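Below is one structure, written out as structure tokens, with a few remarks after it.
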Amino acid sequence: DMAGLLKGLRQAASCLAVCAVGYLVLAGIAPAQADPSMIVGPNECAECHKKETSIWQNTHHFSTFRDLPKSEDAEKIAANMGVKRLKAESLCTNCHFTMQTVDGKEKAIAGNSCESCHGPAKEWYKVHSDFSGKKEGQETEAEIAARWEKAEAAGMIRPKMTYALAKNCFSCHLVPNEELVNVGGHTPGSAFELVSWSQGEVRHNTWYNKGKSNPEASIERKRMLFLVGRIVELETALIGVSKATEKKDYAVKMAKRASNATKVMASLAKLLPEAPELGEIQEIASGAKLKLNNQDELTDAAAKISVLGLKFADTYDGTTFAAVDKYIPGADKFKGPVTQ
């Protein structure tokens, strides 16, 4: 029922690699920590991206570095899990902090920052900004294309790589860790929706506007964010169910989320028959039983959905998907105040 929708291969080489890593991460007990030795830190990005950095500094992604260790809820969860230092245990740092190798030791240097979304930058941050060894504006189109291809191959997740970005978001916001939920008391996932969260306080569409404005994504872009977000949510929820070992809060909530996501996908498939991938995704999800001790079937379904989801993200640009416009969250639903 669509009335309940809101409730309930140019980049192929690099993006497939990124998404393959994302899939293996989600198939594990918790998101894997990015290699701290490959992290350059937000200060390097801030040298050029001053406006984007100032926006980040007004977000929860930034403030978690200071606020999380003072949180009573976090202290309770840490105590339940036997964690003494939130900024030192991977159980917490995987999702709440940016870790960097400093003087041979891993250190929390920030909350969720640039590389949390765009990938560890040591191998690509100089490449993406060197203008092929020329001054800005002097590159040929071929040189620009080659530069971006090289940066992507080195691990850069660019804004256009919607599926890879969404995987990063959901890998933490759905909390794929049974023990952390059942024993620690951590919430089994936030009410995360890709449009409303990406267009809220974390929005930083300022680079091509020279920092003069921070507009919403275009309607075509929001359509793709909305649809890709639904696909990734379904994939991630299935993996969550696959990791459940006992019928407690984690298993129940993940199963409900997967079930609802499957119903939403069925509605979307009927609404957008011009995108057959949506129907295929729904059929795969419907064929996987949401039950304990069914890891092989559920992870296989999630892997197939990942492939179809990436194909969907690479094939369409949202121009023909106007049928979903009335279901896309408006500005009143955006998560957090937007910096203008």
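Just remember, in the structure tokens the first chain shown is A, the second B, etc., residues are 1-based per chain, and ligands are 1-based in the order shown.
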Could you please write out, as a ChimeraX atom specification, every residue of range 41-274 of chain A that DSSP assigns to alpha helix (DSSP H)? /A:42-46,50-56,60-67,72-81,90-96,114-118,141-153,162-173,178-182,194-198,219-242,249-271
Let me see the file: selected residues, C-alpha atoms, as a CSV table (one decimal), in the first residue's frame.
chain,number,residue,atom,x,y,z
A,42,PRO,CA,39.7,16.6,8.4
A,43,ASN,CA,42.4,19.3,8.7
A,44,GLU,CA,43.8,18.3,5.3
A,45,CYS,CA,40.4,18.5,3.7
A,46,ALA,CA,39.7,21.9,5.4
A,50,LYS,CA,36.7,25.6,4.2
A,51,LYS,CA,32.9,26.1,3.8
A,52,GLU,CA,32.2,22.4,3.9
A,53,THR,CA,34.3,22.1,7.1
A,54,SER,CA,32.5,24.9,8.8
A,55,ILE,CA,29.2,23.2,8.0
A,56,TRP,CA,30.5,19.9,9.4
A,60,HIS,CA,26.2,15.8,15.4
A,61,HIS,CA,28.9,14.0,13.3
A,62,PHE,CA,31.3,16.6,14.6
A,63,SER,CA,30.0,17.0,18.2
A,64,THR,CA,30.0,13.3,18.9
A,65,PHE,CA,33.8,13.6,19.5
A,66,ARG,CA,33.2,15.8,22.5
A,67,ASP,CA,29.7,14.8,23.6
A,72,GLU,CA,24.9,8.9,30.3
A,73,ASP,CA,23.3,6.5,27.8
A,74,ALA,CA,26.8,5.9,26.3
A,75,GLU,CA,28.2,5.3,29.7
A,76,LYS,CA,25.5,2.7,30.5
A,77,ILE,CA,26.0,0.9,27.2
A,78,ALA,CA,29.8,0.9,27.7
A,79,ALA,CA,29.4,-0.5,31.2
A,80,ASN,CA,27.1,-3.3,29.9
A,81,MET,CA,29.7,-4.1,27.3
A,90,SER,CA,36.5,-0.5,18.2
A,91,LEU,CA,33.0,-1.3,19.2
A,92,CYS,CA,32.5,2.4,19.6
A,93,THR,CA,35.1,3.9,17.4
A,94,ASN,CA,33.9,2.0,14.3
A,95,CYS,CA,30.9,4.3,14.0
A,96,HIS,CA,31.4,7.3,16.3
A,114,CYS,CA,35.1,13.6,5.7
A,115,GLU,CA,36.7,10.2,5.3
A,116,SER,CA,33.9,8.5,7.2
A,117,CYS,CA,31.8,9.1,4.1
A,118,HIS,CA,34.2,9.7,1.3
A,141,GLU,CA,38.3,17.2,-20.4
A,142,ALA,CA,40.2,14.0,-20.9
A,143,GLU,CA,42.6,15.0,-18.1
A,144,ILE,CA,39.8,15.8,-15.8
A,145,ALA,CA,38.1,12.4,-16.5
A,146,ALA,CA,41.4,10.6,-16.0
A,147,ARG,CA,42.1,12.4,-12.7
A,148,TRP,CA,38.7,11.5,-11.3
A,149,GLU,CA,39.0,7.9,-12.5
A,150,LYS,CA,42.4,7.6,-10.7
A,151,ALA,CA,41.0,9.1,-7.5
A,152,GLU,CA,38.0,6.7,-7.5
A,153,ALA,CA,40.4,3.8,-8.2
A,162,THR,CA,25.1,7.0,-4.4
A,163,TYR,CA,25.1,3.3,-3.6
A,164,ALA,CA,28.5,3.3,-2.0
A,165,LEU,CA,27.7,6.4,0.1
A,166,ALA,CA,24.4,4.9,1.2
A,167,LYS,CA,26.1,1.7,2.3
A,168,ASN,CA,28.4,3.8,4.5
A,169,CYS,CA,25.4,5.5,6.1
A,170,PHE,CA,23.4,2.4,6.8
A,171,SER,CA,26.3,0.3,8.0
A,172,CYS,CA,26.3,2.4,11.2
A,173,HIS,CA,22.8,3.7,11.4
A,178,GLU,CA,23.4,-8.3,18.0
A,179,GLU,CA,25.4,-8.2,21.3
A,180,LEU,CA,25.6,-4.4,21.3
A,181,VAL,CA,21.8,-4.3,21.2
A,182,ASN,CA,20.8,-7.2,23.4
A,194,LEU,CA,18.5,8.8,3.1
A,195,VAL,CA,16.8,11.9,1.7
A,196,SER,CA,15.7,13.4,5.0
A,197,TRP,CA,19.1,12.8,6.7
A,198,SER,CA,21.4,13.7,3.8
A,219,ILE,CA,14.5,16.5,-7.5
A,220,GLU,CA,16.1,13.9,-9.8
A,221,ARG,CA,18.9,13.4,-7.3
A,222,LYS,CA,16.4,13.2,-4.4
A,223,ARG,CA,14.4,10.5,-6.3
A,224,MET,CA,17.6,8.5,-6.6
A,225,LEU,CA,18.6,9.0,-3.0
A,226,PHE,CA,15.1,7.9,-1.9
A,227,LEU,CA,15.1,4.8,-4.0
A,228,VAL,CA,18.7,3.7,-3.5
A,229,GLY,CA,18.2,4.3,0.3
A,230,ARG,CA,15.3,1.9,0.3
A,231,ILE,CA,17.3,-0.7,-1.5
A,232,VAL,CA,20.3,-0.4,0.8
A,233,GLU,CA,18.0,-0.4,3.9
A,234,LEU,CA,16.5,-3.8,2.7
A,235,GLU,CA,20.0,-5.2,2.0
A,236,THR,CA,21.3,-4.1,5.4
A,237,ALA,CA,18.3,-5.3,7.3
A,238,LEU,CA,18.6,-8.8,5.7
A,239,ILE,CA,22.2,-9.0,6.8
A,240,GLY,CA,21.2,-7.9,10.3
A,241,VAL,CA,18.6,-10.7,10.5
A,242,SER,CA,21.2,-13.2,9.2
A,249,ASP,CA,15.2,-7.3,20.7
A,250,TYR,CA,17.8,-7.3,17.9
A,251,ALA,CA,16.4,-10.1,15.9
A,252,VAL,CA,12.8,-8.9,16.3
A,253,LYS,CA,13.6,-5.3,15.2
A,254,MET,CA,15.8,-6.3,12.3
A,255,ALA,CA,13.2,-8.8,11.0
A,256,LYS,CA,10.4,-6.1,11.2
A,257,ARG,CA,12.6,-3.7,9.4
A,258,ALA,CA,13.4,-6.2,6.7
A,259,SER,CA,9.8,-7.2,6.3
A,260,ASN,CA,8.7,-3.6,6.0
A,261,ALA,CA,11.5,-2.8,3.6
A,262,THR,CA,10.4,-5.7,1.4
A,263,LYS,CA,6.8,-4.5,1.4
A,264,VAL,CA,8.0,-1.0,0.4
A,265,MET,CA,10.0,-2.5,-2.4
A,266,ALA,CA,7.0,-4.3,-3.7
A,267,SER,CA,5.0,-1.0,-3.8
A,268,LEU,CA,7.9,0.8,-5.5
A,269,ALA,CA,8.2,-2.0,-8.1
A,270,LYS,CA,4.5,-1.5,-9.0
A,271,LEU,CA,4.9,2.3,-9.1
Applying 7 Å and only C-alpha atoms, which residues near Leu174 in chain A remain after dropping the ones on its own chain fewer than 4 positions away? List them as a ChimeraX atom specification. /A:170,188-190
Name the residues in contact with Ala303 in chain A at a cut-off of 8 Å, using only C-alpha atoms, excluding same-chain residues fewer than 3 positions from it; report them as a PyMOL selection string. chain A and resi 23+235+299-300+306-307
Create the file for the chosen residues now, containing C-alpha atoms and written as a short mmCIF file (atom, residue, chain, number, x, y, z; two decimals), in the first residue's frame.
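In the end it all went to part-v4.cif:
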data_model
loop_
_atom_site.label_atom_id
_atom_site.label_comp_id
_atom_site.auth_asym_id
_atom_site.auth_seq_id
_atom_site.Cartn_x
_atom_site.Cartn_y
_atom_site.Cartn_z
CA TYR A 23 29.10 -5.96 1.61
CA GLU A 235 19.97 -5.24 2.00
CA THR A 299 23.41 -13.21 3.05
CA ASP A 300 23.05 -14.69 -0.43
CA SER A 306 23.64 -5.41 -3.64
CA VAL A 307 24.49 -6.25 -7.25
#
Pick from A:Glu47, A:Phe312, A:Glu280, A:Thr101 nearest to Lys126 in chain A, counting only C-alpha atoms: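 Closest residue, counting only C-alpha atoms: A:Glu47.
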Hey, which bits of range 73-98 of chain A sit within 7 Å of range 107-113 of chain A, and for each residue what's the closest pair of atoms and how far apart in Å (one decimal), counting only C-alpha atoms, rows by chain and increasing number, as a Markdown table?
| residue | atom | partner | partner_atom | distance |
| --- | --- | --- | --- | --- |
| A:Lys87 | CA | A:Ala108 | CA | 6.0 |
| A:His96 | CA | A:Gly111 | CA | 5.8 |
| A:Phe97 | CA | A:Gly111 | CA | 4.1 |
| A:Thr98 | CA | A:Ala110 | CA | 5.1 |
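Atom pair CA of Ala288 in chain A / CA of Ala302 in chain A has a distance of 9.3 Å (rounded to one decimal).
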Run DSSP on the backbone and tell me which residues of range 60-308 of chain A come out as strand (DSSP E); list them as a PyMOL selection string. chain A and resi 98-102+105-110
Point-to-point distance in Å for CA of Ala34 in chain A and CA of Asp314 in chain A: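 About the pair CA of Asp314 in chain A and CA of Ala34 in chain A: they are 25.2 Å apart.
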Find the residue from A:Leu86, A:Ala121, A:Leu68, A:Ala244 that sits nearest to Arg158 in chain A; use only C-alpha atoms when measuring. A:Ala121
Using only C-alpha atoms, which of A:Pro69, A:Gly336, A:Gly185, A:Gly318 sits nearest Ala88 in chain A?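 The shortest atom-to-atom distance to Ala88 in chain A comes from A:Pro69.
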Determine the nearest neighbour of Ala313 in chain A from the options A:Met161, A:Gly330, A:Asp296, A:Tyr208, counting only C-alpha atoms.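 Result for the nearest residue to Ala313 in chain A: A:Met161.
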Separation of CA of Glu274 in chain A from CA of Ile328 in chain A, in Å and rounded to one decimal: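 Computing it gives 18.7 Å between the two atoms.
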